[in-house]
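Undergrad: As input, take coords-v3.txt (compact mmCIF, C-alpha atoms and all ligand atoms):
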# COMPACT_ATOMS: atom_id res chain seq x y z
CA MET A 202 -21.53 -5.46 3.14
CA PRO A 203 -19.23 -8.31 1.99
CA LEU A 204 -15.61 -7.78 0.94
CA VAL A 205 -15.43 -6.33 -2.58
CA ASN A 206 -12.85 -6.59 -5.34
CA SER A 207 -11.22 -3.44 -6.70
CA LYS A 208 -13.07 -3.19 -10.03
CA GLU A 209 -15.86 -0.75 -9.17
CA MET A 210 -13.72 1.14 -6.64
CA PHE A 211 -11.06 1.93 -9.26
CA LYS A 212 -13.63 2.87 -11.91
CA LYS A 213 -15.15 5.46 -9.59
CA ALA A 214 -11.73 6.66 -8.42
CA TYR A 215 -10.52 7.13 -12.00
CA GLU A 216 -13.63 9.03 -13.00
CA GLY A 217 -13.64 11.08 -9.81
CA GLY A 218 -9.94 12.02 -9.95
CA TYR A 219 -9.07 10.56 -6.56
CA ALA A 220 -7.21 7.48 -5.28
CA ILE A 221 -7.96 4.70 -2.83
CA GLY A 222 -5.54 4.26 0.07
CA ALA A 223 -3.99 0.81 0.28
CA PHE A 224 -2.66 0.40 3.81
CA ASN A 225 -0.61 -2.57 5.04
CA VAL A 226 -2.01 -4.47 8.00
CA ASN A 227 -0.14 -6.69 10.47
CA ASN A 228 -2.22 -6.72 13.66
CA MET A 229 -5.52 -5.71 15.22
CA GLU A 230 -4.57 -2.18 16.24
CA ILE A 231 -3.45 -1.34 12.70
CA VAL A 232 -6.66 -2.77 11.17
CA GLN A 233 -8.76 -0.82 13.67
CA GLY A 234 -6.85 2.45 13.31
CA ILE A 235 -7.25 2.37 9.51
CA THR A 236 -10.86 1.26 9.34
CA GLU A 237 -12.07 3.56 12.13
CA ALA A 238 -10.60 6.49 10.18
CA ALA A 239 -12.24 5.20 6.99
CA LYS A 240 -15.57 4.85 8.78
CA GLU A 241 -15.48 8.36 10.23
CA ASN A 242 -14.68 9.73 6.79
CA ASN A 243 -16.97 7.42 4.81
CA ALA A 244 -14.07 6.29 2.63
CA PRO A 245 -13.56 3.07 0.65
CA VAL A 246 -10.34 1.36 1.66
CA ILE A 247 -7.91 -1.39 0.67
CA LEU A 248 -6.31 -3.45 3.44
CA GLN A 249 -3.24 -5.20 2.12
CA VAL A 250 -1.28 -8.10 3.48
CA SER A 251 2.31 -8.92 2.55
CA ALA A 252 3.95 -12.36 2.73
CA GLY A 253 5.75 -11.07 5.82
CA ALA A 254 2.46 -10.07 7.45
CA ARG A 255 1.02 -13.53 6.73
CA LYS A 256 4.07 -15.11 8.30
CA TYR A 257 3.89 -12.82 11.35
CA ALA A 258 0.16 -12.88 12.09
CA LYS A 259 -1.06 -15.95 10.12
CA HIS A 260 -3.51 -15.79 7.21
CA VAL A 261 -6.53 -16.76 9.29
CA TYR A 262 -6.02 -14.07 11.94
CA LEU A 263 -5.69 -11.37 9.31
CA THR A 264 -8.76 -12.46 7.32
CA LYS A 265 -10.82 -12.68 10.51
CA LEU A 266 -9.66 -9.22 11.60
CA VAL A 267 -10.69 -7.81 8.24
CA GLU A 268 -14.06 -9.62 8.46
CA ALA A 269 -14.51 -8.00 11.87
CA ALA A 270 -13.68 -4.58 10.40
CA ILE A 271 -16.39 -5.07 7.76
CA ALA A 272 -18.94 -6.04 10.41
CA ASP A 273 -17.92 -3.02 12.47
CA THR A 274 -17.88 -0.42 9.68
CA ASP A 275 -20.09 -1.72 6.83
CA LEU A 276 -17.66 -0.07 4.40
CA PRO A 277 -16.56 -1.30 0.98
CA ILE A 278 -13.23 -2.96 1.83
CA VAL A 279 -10.84 -4.84 -0.48
CA LEU A 280 -8.59 -7.50 1.05
CA HIS A 281 -5.48 -7.52 -1.11
CA LEU A 282 -2.25 -9.52 -1.29
CA ASP A 283 0.69 -7.11 -1.49
CA HIS A 284 3.69 -8.18 -3.63
CA GLY A 285 2.71 -11.78 -4.34
CA ALA A 286 5.98 -13.35 -5.46
CA ASP A 287 4.63 -16.43 -7.25
CA PHE A 288 1.48 -18.22 -8.41
CA GLU A 289 1.28 -20.35 -5.24
CA ILE A 290 0.93 -17.45 -2.78
CA CYS A 291 -1.64 -15.76 -5.04
CA LYS A 292 -3.64 -19.01 -5.28
CA SER A 293 -3.47 -19.50 -1.54
CA CYS A 294 -4.81 -15.99 -0.89
CA ILE A 295 -7.52 -16.31 -3.55
CA ASP A 296 -8.60 -19.68 -2.14
CA GLY A 297 -8.40 -18.17 1.37
CA GLY A 298 -10.85 -15.31 0.80
CA PHE A 299 -8.82 -12.38 -0.57
CA THR A 300 -10.69 -10.29 -3.16
CA SER A 301 -7.61 -8.91 -4.89
CA VAL A 302 -4.01 -10.03 -5.38
CA MET A 303 -0.81 -8.51 -6.67
CA ILE A 304 1.47 -10.72 -8.70
CA ASP A 305 4.81 -8.95 -8.66
CA GLY A 306 6.76 -10.26 -11.62
CA SER A 307 8.65 -6.99 -11.99
CA HIS A 308 12.07 -8.58 -11.44
CA HIS A 309 11.47 -11.16 -14.19
CA ALA A 310 12.16 -10.70 -17.89
CA PHE A 311 9.22 -9.13 -19.80
CA GLU A 312 7.96 -12.40 -21.34
CA ASP A 313 8.29 -14.29 -18.04
CA ASN A 314 6.44 -11.51 -16.20
CA ILE A 315 3.64 -11.74 -18.79
CA ALA A 316 3.37 -15.54 -18.51
CA LEU A 317 3.32 -15.50 -14.69
CA THR A 318 0.86 -12.60 -14.48
CA LYS A 319 -1.48 -14.20 -17.02
CA LYS A 320 -1.50 -17.47 -15.10
CA VAL A 321 -2.60 -15.60 -11.94
CA VAL A 322 -5.17 -13.53 -13.86
CA ASP A 323 -6.76 -16.66 -15.35
CA TYR A 324 -7.08 -18.29 -11.94
CA ALA A 325 -8.26 -15.10 -10.19
CA HIS A 326 -10.81 -13.93 -12.73
CA GLU A 327 -12.61 -17.28 -12.71
CA ARG A 328 -13.16 -16.63 -9.00
CA GLY A 329 -14.12 -12.93 -9.15
CA VAL A 330 -10.78 -11.73 -7.81
CA THR A 331 -8.99 -8.72 -9.32
CA VAL A 332 -5.26 -8.70 -10.11
CA GLU A 333 -2.55 -6.03 -9.94
CA GLY A 334 0.65 -6.54 -11.94
CA GLU A 335 3.91 -4.61 -11.94
CA LEU A 336 6.19 -3.34 -14.69
CA GLY A 337 9.41 -1.50 -13.89
CA GLN A 338 11.23 -1.81 -10.59
CA LEU A 339 11.17 0.38 -7.49
CA ALA A 340 14.16 0.81 -5.19
CA GLY A 341 13.93 -0.09 -1.50
CA ILE A 342 13.07 -3.03 0.71
CA GLU A 343 10.01 -5.29 0.47
CA ASP A 344 10.00 -8.44 2.53
CA ASP A 345 13.52 -9.80 2.15
CA VAL A 346 14.16 -8.31 -1.28
CA ASN A 347 16.33 -5.21 -1.26
CA VAL A 348 16.50 -3.44 -4.61
CA SER A 349 19.34 -0.92 -4.79
CA ALA A 350 18.79 2.46 -6.46
CA GLU A 351 21.11 1.35 -9.28
CA ASN A 352 19.04 -1.75 -10.00
CA ALA A 353 15.74 0.09 -9.91
CA HIS A 354 14.36 1.18 -13.27
CA PHE A 355 11.47 3.26 -14.50
CA THR A 356 8.55 1.69 -16.32
CA ASP A 357 8.81 1.88 -20.11
CA PRO A 358 5.44 3.23 -21.34
CA ALA A 359 5.98 1.46 -24.68
CA GLN A 360 5.69 -1.93 -22.92
CA VAL A 361 2.62 -1.15 -20.86
CA GLU A 362 -0.09 -1.61 -23.49
CA GLU A 363 1.25 -4.99 -24.58
CA PHE A 364 1.62 -6.12 -20.96
CA VAL A 365 -1.92 -5.15 -20.02
CA THR A 366 -3.51 -6.54 -23.18
CA ARG A 367 -1.70 -9.87 -23.06
CA THR A 368 -2.14 -10.49 -19.32
CA GLY A 369 -5.62 -9.06 -18.74
CA VAL A 370 -4.55 -7.46 -15.40
CA ASP A 371 -7.02 -5.09 -13.75
CA SER A 372 -4.44 -2.55 -12.57
CA LEU A 373 -0.73 -1.97 -12.93
CA ALA A 374 1.96 -0.75 -10.53
CA ILE A 375 4.52 1.40 -12.32
CA ALA A 376 7.90 2.80 -11.31
CA ILE A 377 8.11 6.60 -11.62
CA GLY A 378 10.57 7.40 -8.83
CA THR A 379 8.83 6.30 -5.63
CA SER A 380 10.55 3.66 -3.52
CA HIS A 381 9.83 1.44 -0.53
CA GLY A 382 10.80 2.26 3.04
CA ALA A 383 11.63 5.45 4.92
CA TYR A 384 14.75 6.49 3.01
CA LYS A 385 13.48 7.38 -0.43
CA PHE A 386 15.75 10.29 -1.26
CA LYS A 387 19.22 11.16 -0.03
CA PRO A 388 19.55 14.16 2.35
CA GLY A 389 19.71 17.28 0.20
CA GLN A 390 18.24 15.49 -2.81
CA LYS A 391 15.12 17.08 -4.31
CA PRO A 392 12.23 14.57 -4.47
CA GLU A 393 11.09 14.13 -8.05
CA LEU A 394 8.61 11.85 -9.78
CA ARG A 395 8.42 11.10 -13.52
CA PHE A 396 4.93 12.43 -14.16
CA ASP A 397 5.77 12.35 -17.88
CA ILE A 398 5.83 8.52 -17.69
CA LEU A 399 2.50 8.44 -15.87
CA GLU A 400 0.99 10.77 -18.47
CA GLU A 401 2.33 8.70 -21.36
CA VAL A 402 1.00 5.48 -19.80
CA SER A 403 -2.46 6.96 -19.34
CA LYS A 404 -2.46 8.31 -22.90
CA ARG A 405 -1.79 4.80 -24.18
CA LEU A 406 -4.36 3.20 -21.85
CA PRO A 407 -7.14 5.69 -21.17
CA GLY A 408 -9.27 4.75 -18.16
CA PHE A 409 -6.86 2.07 -16.92
CA PRO A 410 -6.06 2.21 -13.16
CA ILE A 411 -2.44 2.75 -12.19
CA VAL A 412 -0.97 1.90 -8.78
CA LEU A 413 1.74 3.78 -6.90
CA HIS A 414 3.85 1.76 -4.47
CA GLY A 415 6.36 3.26 -2.09
CA ALA A 416 4.17 6.29 -1.50
CA SER A 417 4.76 7.11 2.16
CA SER A 418 5.58 10.74 2.82
CA VAL A 419 7.68 9.86 5.88
CA THR A 420 5.95 12.12 8.40
CA GLN A 421 8.70 14.35 9.80
CA SER A 422 6.92 14.97 13.12
CA ASP A 423 6.93 11.19 13.76
CA VAL A 424 10.62 10.90 12.87
CA GLN A 425 11.32 13.75 15.29
CA ILE A 426 9.31 12.09 18.09
CA ILE A 427 11.14 8.81 17.50
CA ASN A 428 14.49 10.56 17.78
CA GLN A 429 13.40 12.72 20.73
CA PHE A 430 12.49 9.61 22.72
CA GLY A 431 15.56 7.49 22.22
CA GLY A 432 15.34 6.48 18.55
CA LYS A 433 18.20 6.87 16.10
CA MET A 434 16.70 7.38 12.65
CA PRO A 435 18.94 9.11 10.12
CA ASP A 436 17.41 11.83 7.90
CA ALA A 437 14.47 10.18 6.21
CA ILE A 438 12.77 11.76 3.20
CA GLY A 439 9.51 10.60 1.60
CA ILE A 440 7.21 11.54 -1.27
CA PRO A 441 5.82 15.07 -0.85
CA GLU A 442 2.07 15.00 -0.36
CA GLU A 443 1.40 17.46 -3.18
CA MET A 444 2.97 14.96 -5.60
CA LEU A 445 0.65 12.23 -4.34
CA ARG A 446 -2.35 14.56 -4.74
CA LYS A 447 -1.28 15.23 -8.32
CA ALA A 448 -0.88 11.50 -9.04
CA ALA A 449 -4.32 10.81 -7.52
CA SER A 450 -5.89 13.39 -9.83
CA MET A 451 -4.30 11.60 -12.80
CA ALA A 452 -4.53 7.85 -13.60
CA VAL A 453 -3.32 6.66 -10.19
CA CYS A 454 -6.24 4.93 -8.43
CA LYS A 455 -4.38 3.10 -5.64
CA ILE A 456 -1.67 4.57 -3.41
CA ASN A 457 0.28 2.19 -1.14
CA ILE A 458 1.22 3.36 2.34
CA ASP A 459 3.01 1.26 4.92
CA SER A 460 6.10 3.06 6.25
CA ASP A 461 4.04 6.04 7.47
CA LEU A 462 1.93 3.67 9.59
CA ARG A 463 5.06 2.06 11.03
CA LEU A 464 6.48 5.47 11.93
CA ALA A 465 3.21 6.57 13.56
CA LEU A 466 3.04 3.39 15.66
CA THR A 467 6.72 3.57 16.65
CA ALA A 468 6.60 7.28 17.52
CA SER A 469 3.55 6.79 19.70
CA LEU A 470 5.02 3.78 21.51
CA ARG A 471 8.39 5.44 22.14
CA GLN A 472 6.77 8.56 23.53
CA TYR A 473 4.34 6.60 25.71
CA MET A 474 7.02 4.32 27.14
CA PHE A 475 9.27 7.27 27.91
CA GLU A 476 6.52 9.26 29.60
CA HIS A 477 5.09 6.27 31.54
CA PRO A 478 8.08 4.17 32.56
CA ASP A 479 6.04 2.33 35.21
CA HIS A 480 3.21 1.17 32.85
CA PHE A 481 3.14 -2.38 31.55
CA ASP A 482 -0.45 -2.93 30.39
CA PRO A 483 -0.41 -3.28 26.55
CA ARG A 484 -3.87 -1.72 26.36
CA GLN A 485 -2.45 1.46 27.83
CA TYR A 486 0.35 1.90 25.32
CA LEU A 487 -1.41 0.41 22.29
CA SER A 488 -4.47 2.69 22.60
CA PRO A 489 -2.63 5.93 21.78
CA ALA A 490 -0.70 4.08 19.05
CA ARG A 491 -3.99 2.99 17.44
CA ASP A 492 -5.35 6.54 17.77
CA HIS A 493 -2.25 7.95 16.14
CA ILE A 494 -2.63 5.57 13.18
CA LYS A 495 -6.27 6.61 12.90
CA GLU A 496 -5.30 10.29 12.85
CA LEU A 497 -2.64 9.67 10.19
CA VAL A 498 -5.02 7.68 7.97
CA ALA A 499 -7.76 10.31 8.31
CA HIS A 500 -5.26 12.93 7.16
CA LYS A 501 -4.32 10.82 4.13
CA LEU A 502 -7.94 10.11 3.18
CA ILE A 503 -8.96 13.76 3.38
CA ASN A 504 -5.89 15.71 2.35
CA VAL A 505 -3.89 13.37 0.12
CA LEU A 506 -6.04 10.71 -1.53
CA GLY A 507 -9.25 12.71 -1.88
CA CYS A 508 -11.40 9.64 -1.17
CA ALA A 509 -13.22 10.88 1.95
CA GLY A 510 -16.99 10.71 1.40
CA LYS A 511 -16.64 8.32 -1.58
CA ALA A 512 -17.73 5.03 0.08
O1 LIG B 1 6.24 -3.01 0.12
C1 LIG B 1 6.27 -3.67 1.14
C2 LIG B 1 5.39 -3.35 2.30
O2 LIG B 1 5.85 -2.21 2.99
C3 LIG B 1 5.28 -4.53 3.19
O3 LIG B 1 6.44 -4.72 3.91
O4 LIG B 1 7.01 -7.05 3.36
O5 LIG B 1 7.97 -5.93 5.41
O6 LIG B 1 5.55 -6.58 5.33
P1 LIG B 1 6.78 -6.18 4.55
P1 LIG B 2 6.04 2.67 1.67
O1 LIG B 2 7.23 1.93 2.17
O2 LIG B 2 6.43 3.95 0.99
O3 LIG B 2 5.00 2.89 2.70
O4 LIG B 2 5.37 1.75 0.52
C1 LIG B 2 4.53 0.69 0.86
C2 LIG B 2 4.22 -0.19 -0.29
O5 LIG B 2 4.45 0.12 -1.44
C3 LIG B 2 3.56 -1.47 0.01
O6 LIG B 2 3.44 -2.26 -1.12
ZN ZN B 3 4.99 -2.04 -2.57
Let me see whether you can do it: turn the structure in this file into structure tokens.
Ligand code: G3H
Ligand code: 13P
Ligand code: ZN

TA:
Amino acid sequence: MPLVNSKEMFKKAYEGGYAIGAFNVNNMEIVQGITEAAKENNAPVILQVSAGARKYAKHVYLTKLVEAAIADTDLPIVLHLDHGADFEICKSCIDGGFTSVMIDGSHHAFEDNIALTKKVVDYAHERGVTVEGELGQLAGIEDDVNVSAENAHFTDPAQVEEFVTRTGVDSLAIAIGTSHGAYKFKPGQKPELRFDILEEVSKRLPGFPIVLHGASSVTQSDVQIINQFGGKMPDAIGIPEEMLRKAASMAVCKINIDSDLRLALTASLRQYMFEHPDHFDPRQYLSPARDHIKELVAHKLINVLGCAGKA
């Protein structure tokens, strides 16, 4: 099976009331952990690459790893650019074999976001590549951009229809209270999402796929392991899984998860290093880390996204 774009995947997800997991990849163990879980659970999956991941691992290594995952699993897999900042990076990924790109114009003025997004859509659609846009702004850190809670703002449903119609985007990331990173809510703060905004958006655009960024739940057992074995993470609070399940049953077709993978990998490495201070073979400490990622992803596919068995 070749790489696919997100069109058919999102159509089925919308109709079936589930979401596709979009997991960030940076190296071989992460690609394998995710796709082995997807294979065992017969789930479609999106592997996404940020500008930082491209800088770290190089475009060609990541595309070849994803090609290898396809050969190994024969699953429908989308290779997606996460948070494309400008036309050039989107073009480079489209020309370099990606089947989906995000153009993140969310920090631009409305008209500028429309113009930039449309330019990417025109280039991508001619080449069979799907495009995700963004309206509204999440708090948290992505690449080198740190958006403070005060500067974050919810998506205005009144703007969504015009944005989608004028740009022709295939899916849209909206801001309803999720945020990037491990510190989404302050200690003591009750996690809340603006489901009223999601509902209003889907009323205005029935059948249109919505994307949720910043959707890690910040697995508490991993935070505890990290701190038990020498880490120093302050209280970290993520998005409760029942909220993600609810979003997946609504118009949300793609749920982005990165921080949970990072925590799983870090927890596993810290524990292994502590328990085996004399080991120095990377295969020894990276194997349990890969297994832990696989276990985490399987849990998300089955219990959170609802996409197990949908490949
Ligand atoms: O939203 C951002 C993703 O978690 C990717 O993070 O830009 O540090 O690779 P990164
Ligand atoms: P998390 O930081 O919540 O995992 O979000 C990841 C993300 O949105 C990638 O685009
Ligand atoms: Zn994101």

Undergrad: Using only C-alpha atoms and all ligand atoms, pick whichever of A:Ile458, A:Ala220, A:Val302, A:Ala512 has the shortest atom-to-atom distance to ligand LIG 1 (chain B).

TA: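 Closest candidate: A:Ile458.
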
Undergrad: Which residues come within 9 Å of Gly285 (chain A), counting all atoms listed in the file, excluding same-chain residues fewer than 6 positions away, as a list of chain:residue names?

TA: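 So, after excluding close chain neighbours, the residues are A:Ser251, A:Ala252, A:Cys291, A:Val302, A:Met303, A:Ile304, A:Asp305, A:Gly306.
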
Undergrad: Counting only C-alpha atoms and all ligand atoms, what residues are within 12 Å of ligand ZN 3 (chain B), given as JSON, numbers by chain?

TA: {"A": [223, 224, 225, 249, 250, 251, 252, 281, 282, 283, 284, 285, 286, 303, 304, 305, 307, 333, 334, 335, 338, 339, 340, 341, 342, 343, 344, 346, 347, 348, 373, 374, 375, 376, 379, 380, 381, 382, 412, 413, 414, 415, 416, 417, 455, 456, 457, 458, 459, 460]}

Undergrad: Let me make sure I understand: among A:Gly218, A:Ala353, A:Ile231, A:Ile278, which one has the smallest atom-to-atom distance to Val205 (chain A) if we use all atoms listed in the file?

TA: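 Among the listed residues, the smallest separation from Val205 (chain A) belongs to A:Ile278.
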
Undergrad: Counting all atoms listed in the file, figure out which residue out of A:Asn243, A:Thr264, A:Ser418, A:Ser450 gets nearest to ligand LIG 2 (chain B).

TA: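 Answer, going by the shortest atom-to-atom distance: A:Ser418.
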
Undergrad: Neighbouring residues of region 386-398 of chain A were defined as those with any atom within 8 Å, considering all atoms listed in the file; residues of the same chain fewer than 2 positions away were excluded. Please report them as a ChimeraX atom specification.

TA: /A:356-358,377-379,384,400-402,436-441,444,448

Undergrad: Convert the current residue selection to file output with C-alpha atoms, as a compact mmCIF listing (two decimals), in the coordinates of the input.

TA:
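To be explicit, this is the file written out as selection33.txt:
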# COMPACT_ATOMS: atom_id res chain seq x y z
CA THR A 356 8.55 1.69 -16.32
CA ASP A 357 8.81 1.88 -20.11
CA PRO A 358 5.44 3.23 -21.34
CA ILE A 377 8.11 6.60 -11.62
CA GLY A 378 10.57 7.40 -8.83
CA THR A 379 8.83 6.30 -5.63
CA TYR A 384 14.75 6.49 3.01
CA GLU A 400 0.99 10.77 -18.47
CA GLU A 401 2.33 8.70 -21.36
CA VAL A 402 1.00 5.48 -19.80
CA ASP A 436 17.41 11.83 7.90
CA ALA A 437 14.47 10.18 6.21
CA ILE A 438 12.77 11.76 3.20
CA GLY A 439 9.51 10.60 1.60
CA ILE A 440 7.21 11.54 -1.27
CA PRO A 441 5.82 15.07 -0.85
CA MET A 444 2.97 14.96 -5.60
CA ALA A 448 -0.88 11.50 -9.04

Undergrad: Which residue gives the smallest distance to Val453 (chain A) among A:Ser488, A:Gln233, A:Ser403, A:Asn504, with only C-alpha atoms counted?

TA: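 For Val453 (chain A), the nearest of the given residues is A:Ser403.
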
Undergrad: Taking 5 positions as the minimum chain separation for residues in the same chain, which residues sit within 10 Å of Phe311 (chain A) when counting all atoms listed in the file? Answer as a PyMOL selection string.

TA: chain A and resi 306+316+336-337+360+364
